[in-house]
There are 2 protein chains.
Amino acid sequence: MKLNERHLMLLAAVVDAGGVSEGAALLGLTQPAVSRALVMLEARVGEPLFQRGRRPLRPTPLGAQLAAHGRTILAASREASSTVSGFVRGTKGTVRVGGVPFFIDAMISTMIAGFLTLEPDVNVRLSYGNTPEMAKALEGDQIDLAIVPIGLTDATPGFDFTEILPGRNVVACRAGHPLARQRRLQAADLKGFPWVAPLPGSPLLTDLHSILVGMGLPEFDIRFSGGSLMAVLNYMAGSDALTILPFSVVFSQRLENRIASLPFDIPQPQRALGILRRRNAPKNPVAERFAAHIVQSFDELKHLIKRHENAVVWGR
Amino acid sequence: MKLNERHLMLLAAVVDAGGVSEGAALLGLTQPAVSRALVMLEARVGEPLFQRGRRPLRPTPLGAQLAAHGRTILAASREASSTVSGFVRGTKGTVRVGGVPFFIDAMISTMIAGFLTLEPDVNVRLSYGNTPEMAKALEGDQIDLAIVPIGLTDATPGFDFTEILPGRNVVACRAGHPLARQRRLQAADLKGFPWVAPLPGSPLLTDLHSILVGMGLPEFDIRFSGGSLMAVLNYMAGSDALTILPFSVVFSQRLENRIASLPFDIPQPQRALGILRRRNAPKNPVAERFAAHIVQSFDELKHLIKRHENAVVWGR
DNA sequence: TGATCAATATACCATTCTGTTATGAAGCTG
DNA sequence: CAGCTTCATAACAGAATGGTATATTGATCA
């Protein structure tokens, strides 16, 4: 007993409106069109759906039940329409975001919160990974965009890269660390402190190695590695260990007052954090709006950093 | 942006089946029909719904979302079909039952439980009232059937009345009542005990009055009235009060061993409990099945009563 | 890199459905 | 009972749906 879905919708409208004419008006149709559809549905069902010959049109029990199903179809149809218009406006849908763990945890997560507050009908699905995995995920359409660090020189074909923050690493330690008081540090001063290494695969790890070797500290002491940002921060706060972190990550923790950056110059990577997207990915306006929000948030962050640094300089 | 619901369903089938041909087969259509519907839907939406030119057909984010709505429509449509076939078989739907309080509470409620156990997809909506209200409710299509007592002589036009139990009243008291031990009672024996009167409007009330007056007990003492069956039974169990109850109601309480009927003959009403239905009510097979179940349950009850009475006679 | 295979898209046609206007039939109201 | 309102039906135009036949396009493999 296959029923015509349009007929069920018309039935729902008629039952809800309390009359054939009213239901037709509700749907922007004429009364005969609806009337005939009801007759056809009734014929298909083989049972009366209305109490015929009663002026306040009243559905039979079966009619009322079928109307309920018609109502859900009608609702789903409206939802679908709203999904489409929400999609083209970028105010409805899902963004699948990938990113490197430290930046996601330190800053992107907060920015996601800001975005979702602005866009209540949007979902964000987050996943973690380093740049190569993220590129693969973009390729396979598992994510819409990735927030990753990329070398400034290597432009990958088929991908768009929007730079949002130049790479800038600092040596970080806990607030109140013995080295934190000094104004200028030599490589030799860092000797004797253990080091924390980030997740394997992270460019920070190679940065750390090259910097330490370049500093003439070939036999450095790595006691903790592989932790997430929160794990690293917690460990740092409870020890005198040193590590390499992006300055922005250290900056994002300034209100917690748990870690500080040391006044020690290290070679900077030719790398920038940015948004990586596949060039001919299926259009997803929400993803574009999300990317725009991330770019804007980082602009604000950069201004904040600038103001903060000026304040620090003046404060001295 | 009004979308075609059929197209949404086809989309859902194609996405779920993982291909146009498979989706078409799923729906019993040919591949070109489905293919064209998708093209039309895409044109209407104005955005791609599939990653074109990828062999394992993959929907775009928007396509996937619309497919979800299509799935809802498809499910509602199937539900509607099942509602129809369930309706004609009488295995799905709602019975709106009305009835007089004492019988509903004493027996019908248990029978409803039995019916709903047999018919897991059926709903029962119960309402209470005396015969005139129930007739009005039938008239106004608020209920499908009423279980009420009706005088054997008055056949109301426009209604069908199916007798299920002849009227038979007894004088009831608590188990262990001083009068319960005696073999034969005179009217005078009942003097001095207070009486419980049922809900106003109940025929039992007029029965009670006429019986008491006929017994020569004009100044009887009514200390409690208007309670539901449970209220009356609880009160009776805690007092030496007497009341008039249908024998079947007393019988239904036999396992509780809280009340008993007195061996005292009273005039019986020319009345029977039965199922009242409007003659030209909209067809509702569930209601018919329910009525049949009630009739059958009462048949079983009558046999039970007969066996029970024989046992009592033999026991003496 | 072609040749081949499998799946999708398109063309074309018959049929059904949908929607409109015009009009008849039936119930409610005063 | 007349008049009003609402629903049902008739007739027709246009759109849609669904089918067969066929072209096109990726994917696969030698």
# chains A, B, ... in the order shown; residues from 1 in each chain; ligands from 1
call {"tool": "interface_residues", "arguments": {"of": "chain C", "to": "chain A", "cutoff": "10 Å", "atoms": "only C-alpha atoms (C1' of nucleotides)", "output": "PyMOL selection string"}}
result
chain C and resi 17-21+26-28
call {"tool": "interface_residues", "arguments": {"of": "chain B", "to": "chain A", "cutoff": "10 Å", "atoms": "only C-alpha atoms", "output": "tab-separated table (two decimals) with all heavy atoms, in the first residue's frame"}}
result
chain	number	residue	atom	x	y	z
B	1	MET	N	12.56	28.61	-1.57
B	1	MET	CA	13.23	27.44	-2.14
B	1	MET	C	12.44	26.17	-1.81
B	1	MET	O	12.79	25.42	-0.90
B	1	MET	CB	14.65	27.35	-1.59
B	1	MET	CG	15.43	26.12	-2.00
B	1	MET	SD	15.77	25.98	-3.75
B	1	MET	CE	16.79	27.44	-3.97
B	2	LYS	N	11.33	25.97	-2.54
B	2	LYS	CA	10.50	24.79	-2.30
B	2	LYS	C	11.10	23.59	-3.03
B	2	LYS	O	11.34	23.66	-4.24
B	2	LYS	CB	9.08	25.09	-2.80
B	2	LYS	CG	8.12	23.91	-2.78
B	2	LYS	CD	7.55	23.72	-1.40
B	2	LYS	CE	6.59	22.54	-1.37
B	2	LYS	NZ	7.21	21.26	-1.71
B	3	LEU	N	11.33	22.52	-2.32
B	3	LEU	CA	11.93	21.34	-2.94
B	3	LEU	C	10.88	20.27	-3.14
B	3	LEU	O	9.89	20.19	-2.42
B	3	LEU	CB	13.05	20.80	-2.04
B	3	LEU	CG	14.17	21.79	-1.72
B	3	LEU	CD1	15.16	21.16	-0.78
B	3	LEU	CD2	14.84	22.26	-2.98
B	4	ASN	N	11.13	19.42	-4.13
B	4	ASN	CA	10.23	18.32	-4.42
B	4	ASN	C	10.52	17.17	-3.45
B	4	ASN	O	11.63	16.63	-3.41
B	4	ASN	CB	10.42	17.88	-5.87
B	4	ASN	CG	9.44	16.80	-6.28
B	4	ASN	OD1	9.12	15.92	-5.50
B	4	ASN	ND2	8.96	16.87	-7.50
B	5	GLU	N	9.50	16.80	-2.71
B	5	GLU	CA	9.70	15.76	-1.68
B	5	GLU	C	10.10	14.42	-2.29
B	5	GLU	O	10.90	13.69	-1.70
B	5	GLU	CB	8.42	15.60	-0.86
B	5	GLU	CG	8.08	16.80	0.00
B	5	GLU	CD	7.53	17.94	-0.81
B	5	GLU	OE1	7.02	17.70	-1.93
B	5	GLU	OE2	7.62	19.10	-0.35
B	6	ARG	N	9.56	14.12	-3.44
B	6	ARG	CA	9.93	12.85	-4.06
B	6	ARG	C	11.41	12.85	-4.40
B	6	ARG	O	12.11	11.86	-4.19
B	6	ARG	CB	9.10	12.62	-5.34
B	6	ARG	CG	9.64	11.45	-6.17
B	6	ARG	CD	8.69	11.04	-7.26
B	6	ARG	NE	7.44	10.53	-6.70
B	6	ARG	CZ	6.25	11.00	-6.98
B	6	ARG	NH1	6.15	12.00	-7.82
B	6	ARG	NH2	5.18	10.49	-6.43
B	8	LEU	N	13.72	14.38	-2.84
B	8	LEU	CA	14.48	14.18	-1.60
B	8	LEU	C	14.52	12.70	-1.22
B	8	LEU	O	15.55	12.19	-0.77
B	8	LEU	CB	13.85	14.99	-0.46
B	8	LEU	CG	13.99	16.51	-0.59
B	8	LEU	CD1	13.19	17.21	0.50
B	8	LEU	CD2	15.45	16.93	-0.52
B	9	MET	N	13.42	12.02	-1.44
B	9	MET	CA	13.40	10.58	-1.12
B	9	MET	C	14.35	9.82	-2.04
B	9	MET	O	15.10	8.94	-1.58
B	9	MET	CB	11.98	10.04	-1.27
B	9	MET	CG	11.03	10.58	-0.24
B	9	MET	SD	9.48	9.67	-0.23
B	9	MET	CE	8.85	10.03	-1.86
B	45	VAL	N	18.20	23.26	-6.40
B	45	VAL	CA	19.00	23.71	-5.25
B	45	VAL	C	20.06	24.71	-5.71
B	45	VAL	O	20.36	25.67	-5.00
B	45	VAL	CB	19.66	22.49	-4.57
B	45	VAL	CG1	20.70	22.92	-3.58
B	45	VAL	CG2	18.59	21.65	-3.89
B	46	GLY	N	20.60	24.47	-6.88
B	46	GLY	CA	21.63	25.38	-7.38
B	46	GLY	C	23.02	25.06	-6.87
B	46	GLY	O	23.95	25.84	-7.05
B	47	GLU	N	23.16	23.93	-6.19
B	47	GLU	CA	24.48	23.50	-5.69
B	47	GLU	C	24.64	22.03	-6.01
B	47	GLU	O	23.66	21.29	-6.03
B	47	GLU	CB	24.55	23.67	-4.16
B	47	GLU	CG	24.29	25.07	-3.66
B	47	GLU	CD	25.51	25.94	-3.85
B	47	GLU	OE1	26.62	25.38	-4.04
B	47	GLU	OE2	25.36	27.18	-3.83
B	48	PRO	N	25.88	21.58	-6.22
B	48	PRO	CA	26.07	20.14	-6.45
B	48	PRO	C	25.73	19.34	-5.20
B	48	PRO	O	26.01	19.76	-4.08
B	48	PRO	CB	27.56	20.04	-6.79
B	48	PRO	CG	28.17	21.28	-6.28
B	48	PRO	CD	27.11	22.34	-6.33
B	49	LEU	N	25.10	18.22	-5.42
B	49	LEU	CA	24.75	17.33	-4.31
B	49	LEU	C	25.68	16.13	-4.27
B	49	LEU	O	25.71	15.40	-3.27
B	49	LEU	CB	23.31	16.86	-4.47
B	49	LEU	CG	22.27	17.98	-4.55
B	49	LEU	CD1	20.89	17.42	-4.83
B	49	LEU	CD2	22.28	18.79	-3.27
B	50	PHE	N	26.40	15.93	-5.34
B	50	PHE	CA	27.35	14.81	-5.40
B	50	PHE	C	28.67	15.33	-5.93
B	50	PHE	O	28.71	16.31	-6.67
B	50	PHE	CB	26.83	13.69	-6.31
B	50	PHE	CG	25.68	12.94	-5.73
B	50	PHE	CD1	24.38	13.28	-6.05
B	50	PHE	CD2	25.91	11.90	-4.84
B	50	PHE	CE1	23.32	12.59	-5.50
B	50	PHE	CE2	24.85	11.21	-4.30
B	50	PHE	CZ	23.55	11.57	-4.62
B	51	GLN	N	29.72	14.63	-5.55
B	51	GLN	CA	31.01	14.90	-6.14
B	51	GLN	C	31.01	14.25	-7.50
B	51	GLN	O	31.26	13.06	-7.61
B	51	GLN	CB	32.11	14.29	-5.28
B	51	GLN	CG	31.93	14.56	-3.82
B	51	GLN	CD	33.08	15.35	-3.28
B	51	GLN	OE1	33.60	16.23	-3.96
B	51	GLN	NE2	33.50	15.02	-2.08
B	52	ARG	N	30.79	15.05	-8.52
B	52	ARG	CA	30.70	14.50	-9.86
B	52	ARG	C	32.06	13.97	-10.29
B	52	ARG	O	33.10	14.49	-9.91
B	52	ARG	CB	30.22	15.58	-10.84
B	52	ARG	CG	28.80	15.99	-10.55
B	52	ARG	CD	27.91	14.75	-10.45
B	52	ARG	NE	26.67	15.01	-9.76
B	52	ARG	CZ	25.50	14.93	-10.36
B	52	ARG	NH1	25.41	14.61	-11.62
B	52	ARG	NH2	24.41	15.14	-9.65
B	58	ARG	N	29.92	10.00	-4.01
B	58	ARG	CA	29.94	10.55	-2.67
B	58	ARG	C	29.16	11.86	-2.64
B	58	ARG	O	29.39	12.74	-3.46
B	58	ARG	CB	31.39	10.81	-2.24
B	58	ARG	CG	31.52	10.90	-0.73
B	58	ARG	CD	32.64	11.79	-0.32
B	58	ARG	NE	33.94	11.42	-0.85
B	58	ARG	CZ	34.74	10.56	-0.26
B	58	ARG	NH1	34.37	9.96	0.82
B	58	ARG	NH2	35.92	10.32	-0.79
B	59	PRO	N	28.23	12.00	-1.69
B	59	PRO	CA	27.46	13.24	-1.62
B	59	PRO	C	28.31	14.38	-1.08
B	59	PRO	O	29.23	14.16	-0.29
B	59	PRO	CB	26.32	12.91	-0.66
B	59	PRO	CG	26.87	11.82	0.20
B	59	PRO	CD	27.80	11.03	-0.68
B	60	THR	N	27.99	15.59	-1.51
B	60	THR	CA	28.58	16.76	-0.89
B	60	THR	C	27.97	16.93	0.50
B	60	THR	O	26.97	16.27	0.82
B	60	THR	CB	28.28	18.01	-1.72
B	60	THR	OG1	26.87	18.20	-1.75
B	60	THR	CG2	28.80	17.87	-3.13
B	61	PRO	N	28.53	17.80	1.33
B	61	PRO	CA	27.92	18.03	2.65
B	61	PRO	C	26.44	18.38	2.53
B	61	PRO	O	25.60	17.84	3.25
B	61	PRO	CB	28.72	19.21	3.19
B	61	PRO	CG	30.05	19.11	2.53
B	61	PRO	CD	29.79	18.54	1.16
B	62	LEU	N	26.12	19.26	1.60
B	62	LEU	CA	24.72	19.63	1.42
B	62	LEU	C	23.89	18.43	0.98
B	62	LEU	O	22.79	18.21	1.49
B	62	LEU	CB	24.62	20.75	0.38
B	62	LEU	CG	23.20	21.26	0.11
B	62	LEU	CD1	22.55	21.76	1.38
B	62	LEU	CD2	23.20	22.33	-0.96
B	63	GLY	N	24.44	17.65	0.06
B	63	GLY	CA	23.72	16.47	-0.40
B	63	GLY	C	23.43	15.52	0.75
B	63	GLY	O	22.32	14.98	0.86
B	65	GLN	N	23.10	16.28	3.90
B	65	GLN	CA	22.08	16.84	4.79
B	65	GLN	C	20.68	16.70	4.19
B	65	GLN	O	19.72	16.35	4.90
B	65	GLN	CB	22.38	18.31	5.06
B	65	GLN	CG	23.59	18.51	5.94
B	65	GLN	CD	23.71	19.95	6.37
B	65	GLN	OE1	22.72	20.63	6.57
B	65	GLN	NE2	24.93	20.41	6.52
B	66	LEU	N	20.58	16.99	2.90
B	66	LEU	CA	19.27	16.85	2.27
B	66	LEU	C	18.83	15.40	2.26
B	66	LEU	O	17.64	15.09	2.42
B	66	LEU	CB	19.31	17.42	0.85
B	66	LEU	CG	19.45	18.94	0.78
B	66	LEU	CD1	19.39	19.41	-0.66
B	66	LEU	CD2	18.37	19.62	1.60
B	67	ALA	N	19.80	14.51	2.08
B	67	ALA	CA	19.46	13.09	2.10
B	67	ALA	C	18.86	12.71	3.45
B	67	ALA	O	17.93	11.89	3.52
B	67	ALA	CB	20.69	12.26	1.81
B	68	ALA	N	19.38	13.31	4.51
B	68	ALA	CA	18.84	13.00	5.84
B	68	ALA	C	17.36	13.38	5.89
B	68	ALA	O	16.53	12.64	6.43
B	68	ALA	CB	19.62	13.75	6.91
B	69	HIS	N	17.03	14.52	5.33
B	69	HIS	CA	15.61	14.91	5.33
B	69	HIS	C	14.80	13.98	4.45
B	69	HIS	O	13.67	13.62	4.79
B	69	HIS	CB	15.48	16.36	4.87
B	69	HIS	CG	16.04	17.34	5.85
B	69	HIS	ND1	16.97	18.29	5.51
B	69	HIS	CD2	15.84	17.48	7.17
B	69	HIS	CE1	17.29	18.99	6.58
B	69	HIS	NE2	16.62	18.52	7.61
B	70	GLY	N	15.38	13.58	3.33
B	70	GLY	CA	14.70	12.63	2.47
B	70	GLY	C	14.43	11.33	3.19
B	70	GLY	O	13.37	10.72	3.02
B	71	ARG	N	15.37	10.94	4.01
B	71	ARG	CA	15.21	9.71	4.79
B	71	ARG	C	14.01	9.84	5.73
B	71	ARG	O	13.22	8.90	5.88
B	71	ARG	CB	16.50	9.47	5.59
B	71	ARG	CG	16.96	8.03	5.61
B	71	ARG	CD	18.38	7.96	6.09
B	71	ARG	NE	19.32	8.41	5.08
B	71	ARG	CZ	20.36	9.21	5.30
B	71	ARG	NH1	20.59	9.67	6.51
B	71	ARG	NH2	21.16	9.55	4.31
B	72	THR	N	13.89	11.01	6.33
B	72	THR	CA	12.74	11.25	7.21
B	72	THR	C	11.43	11.10	6.44
B	72	THR	O	10.49	10.46	6.91
B	72	THR	CB	12.83	12.68	7.79
B	72	THR	OG1	14.10	12.85	8.40
B	72	THR	CG2	11.73	12.91	8.80
B	73	ILE	N	11.40	11.69	5.26
B	73	ILE	CA	10.18	11.63	4.46
B	73	ILE	C	9.87	10.18	4.09
B	73	ILE	O	8.74	9.72	4.21
B	73	ILE	CB	10.33	12.50	3.20
B	73	ILE	CG1	10.49	13.97	3.61
B	73	ILE	CG2	9.15	12.32	2.28
B	73	ILE	CD1	10.70	14.91	2.45
B	74	LEU	N	10.93	9.49	3.66
B	74	LEU	CA	10.77	8.09	3.28
B	74	LEU	C	10.21	7.28	4.45
B	74	LEU	O	9.27	6.48	4.30
B	74	LEU	CB	12.14	7.54	2.87
B	74	LEU	CG	12.23	6.47	1.79
B	74	LEU	CD1	11.43	6.88	0.57
B	74	LEU	CD2	13.69	6.27	1.41
B	75	ALA	N	10.77	7.52	5.63
B	75	ALA	CA	10.32	6.77	6.81
B	75	ALA	C	8.87	7.10	7.12
B	75	ALA	O	8.07	6.21	7.43
B	75	ALA	CB	11.21	7.11	8.00
B	76	ALA	N	8.52	8.38	7.03
B	76	ALA	CA	7.14	8.78	7.33
B	76	ALA	C	6.19	8.13	6.35
B	76	ALA	O	5.10	7.69	6.71
B	76	ALA	CB	7.02	10.29	7.29
B	77	SER	N	6.62	8.07	5.10
B	77	SER	CA	5.76	7.46	4.08
B	77	SER	C	5.54	5.98	4.38
B	77	SER	O	4.41	5.48	4.31
B	77	SER	CB	6.41	7.64	2.71
B	77	SER	OG	5.66	6.98	1.73
B	78	ARG	N	6.62	5.29	4.72
B	78	ARG	CA	6.49	3.87	5.05
B	78	ARG	C	5.59	3.69	6.27
B	78	ARG	O	4.75	2.79	6.32
B	78	ARG	CB	7.87	3.27	5.33
B	78	ARG	CG	8.75	3.13	4.12
B	78	ARG	CD	9.90	2.16	4.43
B	78	ARG	NE	11.15	2.58	3.83
B	78	ARG	CZ	11.47	2.44	2.55
B	78	ARG	NH1	10.60	1.93	1.72
B	78	ARG	NH2	12.65	2.83	2.09
B	79	GLU	N	5.79	4.57	7.25
B	79	GLU	CA	4.96	4.51	8.45
B	79	GLU	C	3.48	4.67	8.08
B	79	GLU	O	2.62	3.97	8.61
B	79	GLU	CB	5.36	5.63	9.41
B	79	GLU	CG	6.43	5.25	10.42
B	79	GLU	CD	5.97	4.12	11.32
B	79	GLU	OE1	4.95	4.28	11.98
B	79	GLU	OE2	6.64	3.07	11.33
B	80	ALA	N	3.23	5.61	7.20
B	80	ALA	CA	1.85	5.86	6.79
B	80	ALA	C	1.26	4.61	6.13
B	80	ALA	O	0.13	4.21	6.43
B	80	ALA	CB	1.80	7.05	5.84
B	81	SER	N	2.06	3.99	5.28
B	81	SER	CA	1.57	2.76	4.63
B	81	SER	C	1.25	1.70	5.67
B	81	SER	O	0.20	1.05	5.62
B	81	SER	CB	2.64	2.24	3.66
B	81	SER	OG	2.92	3.21	2.69
B	82	SER	N	2.17	1.57	6.62
B	82	SER	CA	1.95	0.56	7.65
B	82	SER	C	0.75	0.92	8.52
B	82	SER	O	0.04	0.03	9.01
B	82	SER	CB	3.23	0.42	8.49
B	82	SER	OG	2.93	0.33	9.85
B	83	THR	N	0.52	2.22	8.69
B	83	THR	CA	-0.65	2.65	9.45
B	83	THR	C	-1.93	2.19	8.76
B	83	THR	O	-2.85	1.68	9.39
B	83	THR	CB	-0.66	4.18	9.59
B	83	THR	OG1	0.47	4.57	10.35
B	83	THR	CG2	-1.93	4.66	10.27
B	84	VAL	N	-1.95	2.34	7.44
B	84	VAL	CA	-3.15	1.96	6.70
B	84	VAL	C	-3.38	0.46	6.81
B	84	VAL	O	-4.48	0.01	7.16
B	84	VAL	CB	-3.03	2.37	5.22
B	84	VAL	CG1	-4.19	1.79	4.42
B	84	VAL	CG2	-3.03	3.88	5.10
B	85	SER	N	-2.32	-0.33	6.54
B	85	SER	CA	-2.56	-1.78	6.56
B	85	SER	C	-2.86	-2.23	7.99
B	85	SER	O	-3.67	-3.14	8.19
B	85	SER	CB	-1.38	-2.53	5.95
B	85	SER	OG	-0.17	-2.03	6.43
B	87	PHE	N	-4.41	-0.45	10.11
B	87	PHE	CA	-5.78	0.00	10.40
B	87	PHE	C	-6.80	-1.01	9.88
B	87	PHE	O	-7.70	-1.42	10.61
B	87	PHE	CB	-6.02	1.36	9.76
B	87	PHE	CG	-7.41	1.88	9.94
B	87	PHE	CD1	-7.74	2.60	11.07
B	87	PHE	CD2	-8.39	1.64	8.99
B	87	PHE	CE1	-9.02	3.09	11.25
B	87	PHE	CE2	-9.67	2.12	9.16
B	87	PHE	CZ	-9.99	2.84	10.29
B	88	VAL	N	-6.63	-1.43	8.62
B	88	VAL	CA	-7.64	-2.33	8.06
B	88	VAL	C	-7.60	-3.68	8.77
B	88	VAL	O	-8.63	-4.33	8.90
B	88	VAL	CB	-7.47	-2.51	6.53
B	88	VAL	CG1	-7.59	-1.18	5.83
B	88	VAL	CG2	-6.15	-3.17	6.20
B	92	LYS	N	-3.51	-1.66	14.54
B	92	LYS	CA	-2.78	-0.41	14.75
B	92	LYS	C	-3.80	0.70	14.87
B	92	LYS	O	-4.81	0.69	14.16
B	92	LYS	CB	-1.85	-0.15	13.56
B	92	LYS	CG	-0.61	0.63	13.90
B	92	LYS	CD	0.43	0.53	12.80
B	92	LYS	CE	1.70	1.28	13.20
B	92	LYS	NZ	2.75	1.15	12.20
B	93	GLY	N	-3.52	1.66	15.72
B	93	GLY	CA	-4.44	2.77	15.86
B	93	GLY	C	-4.84	3.00	17.31
B	93	GLY	O	-4.18	2.54	18.23
B	94	THR	N	-5.90	3.74	17.48
B	94	THR	CA	-6.34	4.15	18.81
B	94	THR	C	-7.81	3.82	19.00
B	94	THR	O	-8.62	4.08	18.11
B	94	THR	CB	-6.13	5.67	18.98
B	94	THR	OG1	-4.77	5.97	18.80
B	94	THR	CG2	-6.58	6.12	20.37
B	95	VAL	N	-8.15	3.21	20.13
B	95	VAL	CA	-9.55	3.03	20.50
B	95	VAL	C	-9.84	4.02	21.61
B	95	VAL	O	-9.13	4.06	22.60
B	95	VAL	CB	-9.85	1.64	21.09
B	95	VAL	CG1	-11.25	1.22	20.75
B	95	VAL	CG2	-8.83	0.63	20.69
B	96	ARG	N	-10.87	4.78	21.43
B	96	ARG	CA	-11.30	5.70	22.49
B	96	ARG	C	-12.48	5.05	23.19
B	96	ARG	O	-13.56	4.89	22.61
B	96	ARG	CB	-11.66	7.05	21.88
B	96	ARG	CG	-10.48	7.73	21.19
B	96	ARG	CD	-10.93	8.79	20.26
B	96	ARG	NE	-11.85	8.26	19.25
B	96	ARG	CZ	-12.56	9.03	18.43
B	96	ARG	NH1	-12.48	10.34	18.50
B	96	ARG	NH2	-13.37	8.47	17.54
B	141	ASP	N	-18.54	12.05	18.47
B	141	ASP	CA	-17.33	11.37	17.99
B	141	ASP	C	-16.13	11.62	18.89
B	141	ASP	O	-15.00	11.71	18.44
B	141	ASP	CB	-17.01	11.78	16.55
B	141	ASP	CG	-15.99	10.87	15.91
B	141	ASP	OD1	-16.13	9.64	16.07
B	141	ASP	OD2	-15.04	11.38	15.28
B	144	ASP	N	-15.08	5.98	20.59
B	144	ASP	CA	-15.48	4.98	19.59
B	144	ASP	C	-16.55	4.05	20.15
B	144	ASP	O	-17.41	3.58	19.40
B	144	ASP	CB	-14.27	4.16	19.15
B	144	ASP	CG	-13.26	5.01	18.42
B	144	ASP	OD1	-13.66	5.70	17.47
B	144	ASP	OD2	-12.07	5.00	18.80
B	281	ALA	N	-20.98	5.37	12.71
B	281	ALA	CA	-19.71	5.98	13.08
B	281	ALA	C	-18.67	5.64	12.01
B	281	ALA	O	-18.80	4.64	11.31
B	281	ALA	CB	-19.25	5.45	14.43
B	282	PRO	N	-17.63	6.47	11.84
B	282	PRO	CA	-16.57	6.11	10.91
B	282	PRO	C	-15.95	4.78	11.33
B	282	PRO	O	-15.75	4.52	12.50
B	282	PRO	CB	-15.57	7.26	11.04
B	282	PRO	CG	-15.94	7.97	12.29
B	282	PRO	CD	-17.40	7.76	12.48
B	283	LYS	N	-15.67	3.99	10.32
B	283	LYS	CA	-15.14	2.66	10.56
B	283	LYS	C	-13.83	2.71	11.36
B	283	LYS	O	-12.96	3.51	11.05
B	283	LYS	CB	-14.89	2.00	9.20
B	283	LYS	CG	-14.47	0.55	9.27
B	283	LYS	CD	-14.34	0.01	7.84
B	283	LYS	CE	-13.45	-1.22	7.80
B	283	LYS	NZ	-13.11	-1.57	6.41
B	284	ASN	N	-13.75	1.91	12.37
B	284	ASN	CA	-12.50	1.80	13.12
B	284	ASN	C	-12.30	0.35	13.53
B	284	ASN	O	-12.79	-0.07	14.58
B	284	ASN	CB	-12.51	2.74	14.33
B	284	ASN	CG	-11.13	2.81	14.96
B	284	ASN	OD1	-10.22	2.06	14.59
B	284	ASN	ND2	-10.96	3.71	15.92
call {"tool": "interface_residues", "arguments": {"of": "chain A", "to": "chain D", "cutoff": "8 Å", "atoms": "only C-alpha atoms (C1' of nucleotides)", "output": "PyMOL selection string"}}
result
chain A and resi 20-21+32+35
call {"tool": "atom_distance", "arguments": {"atom1": "atom CA of A:Ser127", "atom2": "atom CA of A:Gly274"}}
result
16.1 Å
call {"tool": "select_by_dssp", "arguments": {"residues": "stretch 142-310 of chain A", "states": "alpha helix (DSSP H)", "output": "ChimeraX atom specification"}}
result
/A:203-214,229-237,247-252,285-310
call {"tool": "closest_residue", "arguments": {"among": "A:Gln182, A:Ala155, A:Leu276, A:Asn234", "to": "A:Gly99", "atoms": "only C-alpha atoms"}}
result
A:Leu276
call {"tool": "residues_around", "arguments": {"residues": "A:Pro194", "least_positions_apart": "4", "cutoff": "9 Å", "atoms": "only C-alpha atoms (C1' of nucleotides)", "output": "ChimeraX atom specification"}}
result
/A:220-224,240-243
call {"tool": "residues_around", "arguments": {"residues": "stretch 200-203 of chain B", "least_positions_apart": "6", "cutoff": "9 Å", "atoms": "only C-alpha atoms (C1' of nucleotides)", "output": "list in words"}}
result
Val100, Asn130, Thr131, Pro149, Ser225 and Gly226 of chain B
call {"tool": "write_last_selection", "arguments": {"atoms": "all heavy atoms", "output": "CSV table (one decimal), in the first residue's frame"}}
result
chain,number,residue,atom,x,y,z
B,100,VAL,N,-18.7,3.4,32.4
B,100,VAL,CA,-19.1,3.8,33.8
B,100,VAL,C,-18.0,3.4,34.7
B,100,VAL,O,-17.4,2.3,34.6
B,100,VAL,CB,-20.4,3.2,34.2
B,100,VAL,CG1,-21.6,3.8,33.4
B,100,VAL,CG2,-20.4,1.7,34.0
B,130,ASN,N,-21.3,8.5,33.0
B,130,ASN,CA,-22.5,7.7,33.0
B,130,ASN,C,-23.1,7.7,31.7
B,130,ASN,O,-22.7,8.4,30.7
B,130,ASN,CB,-23.4,8.3,34.1
B,130,ASN,CG,-22.9,8.0,35.5
B,130,ASN,OD1,-22.4,6.9,35.8
B,130,ASN,ND2,-22.9,9.1,36.3
B,131,THR,N,-24.1,6.8,31.5
B,131,THR,CA,-24.7,6.5,30.2
B,131,THR,C,-25.0,7.7,29.4
B,131,THR,O,-24.7,7.8,28.2
B,131,THR,CB,-25.9,5.6,30.4
B,131,THR,OG1,-25.5,4.5,31.2
B,131,THR,CG2,-26.3,5.0,29.0
B,149,PRO,N,-24.3,0.5,31.3
B,149,PRO,CA,-25.6,-0.2,31.6
B,149,PRO,C,-26.7,0.5,30.9
B,149,PRO,O,-26.8,1.7,30.9
B,149,PRO,CB,-25.7,-0.2,33.1
B,149,PRO,CG,-25.0,1.1,33.5
B,149,PRO,CD,-24.0,1.3,32.5
B,225,SER,N,-20.7,8.8,50.3
B,225,SER,CA,-21.2,8.7,48.9
B,225,SER,C,-20.2,9.3,47.9
B,225,SER,O,-19.4,10.1,48.3
B,225,SER,CB,-22.6,9.3,48.8
B,225,SER,OG,-22.4,10.7,49.0
B,226,GLY,N,-20.3,9.0,46.7
B,226,GLY,CA,-19.6,9.7,45.7
B,226,GLY,C,-18.2,9.1,45.4
B,226,GLY,O,-17.5,9.7,44.5
call {"tool": "select_by_dssp", "arguments": {"residues": "stretch 56-167 of chain B", "states": "strand (DSSP E or B)", "output": "PyMOL selection string"}}
result
chain B and resi 59+93-99+122-128+145-151+159-166
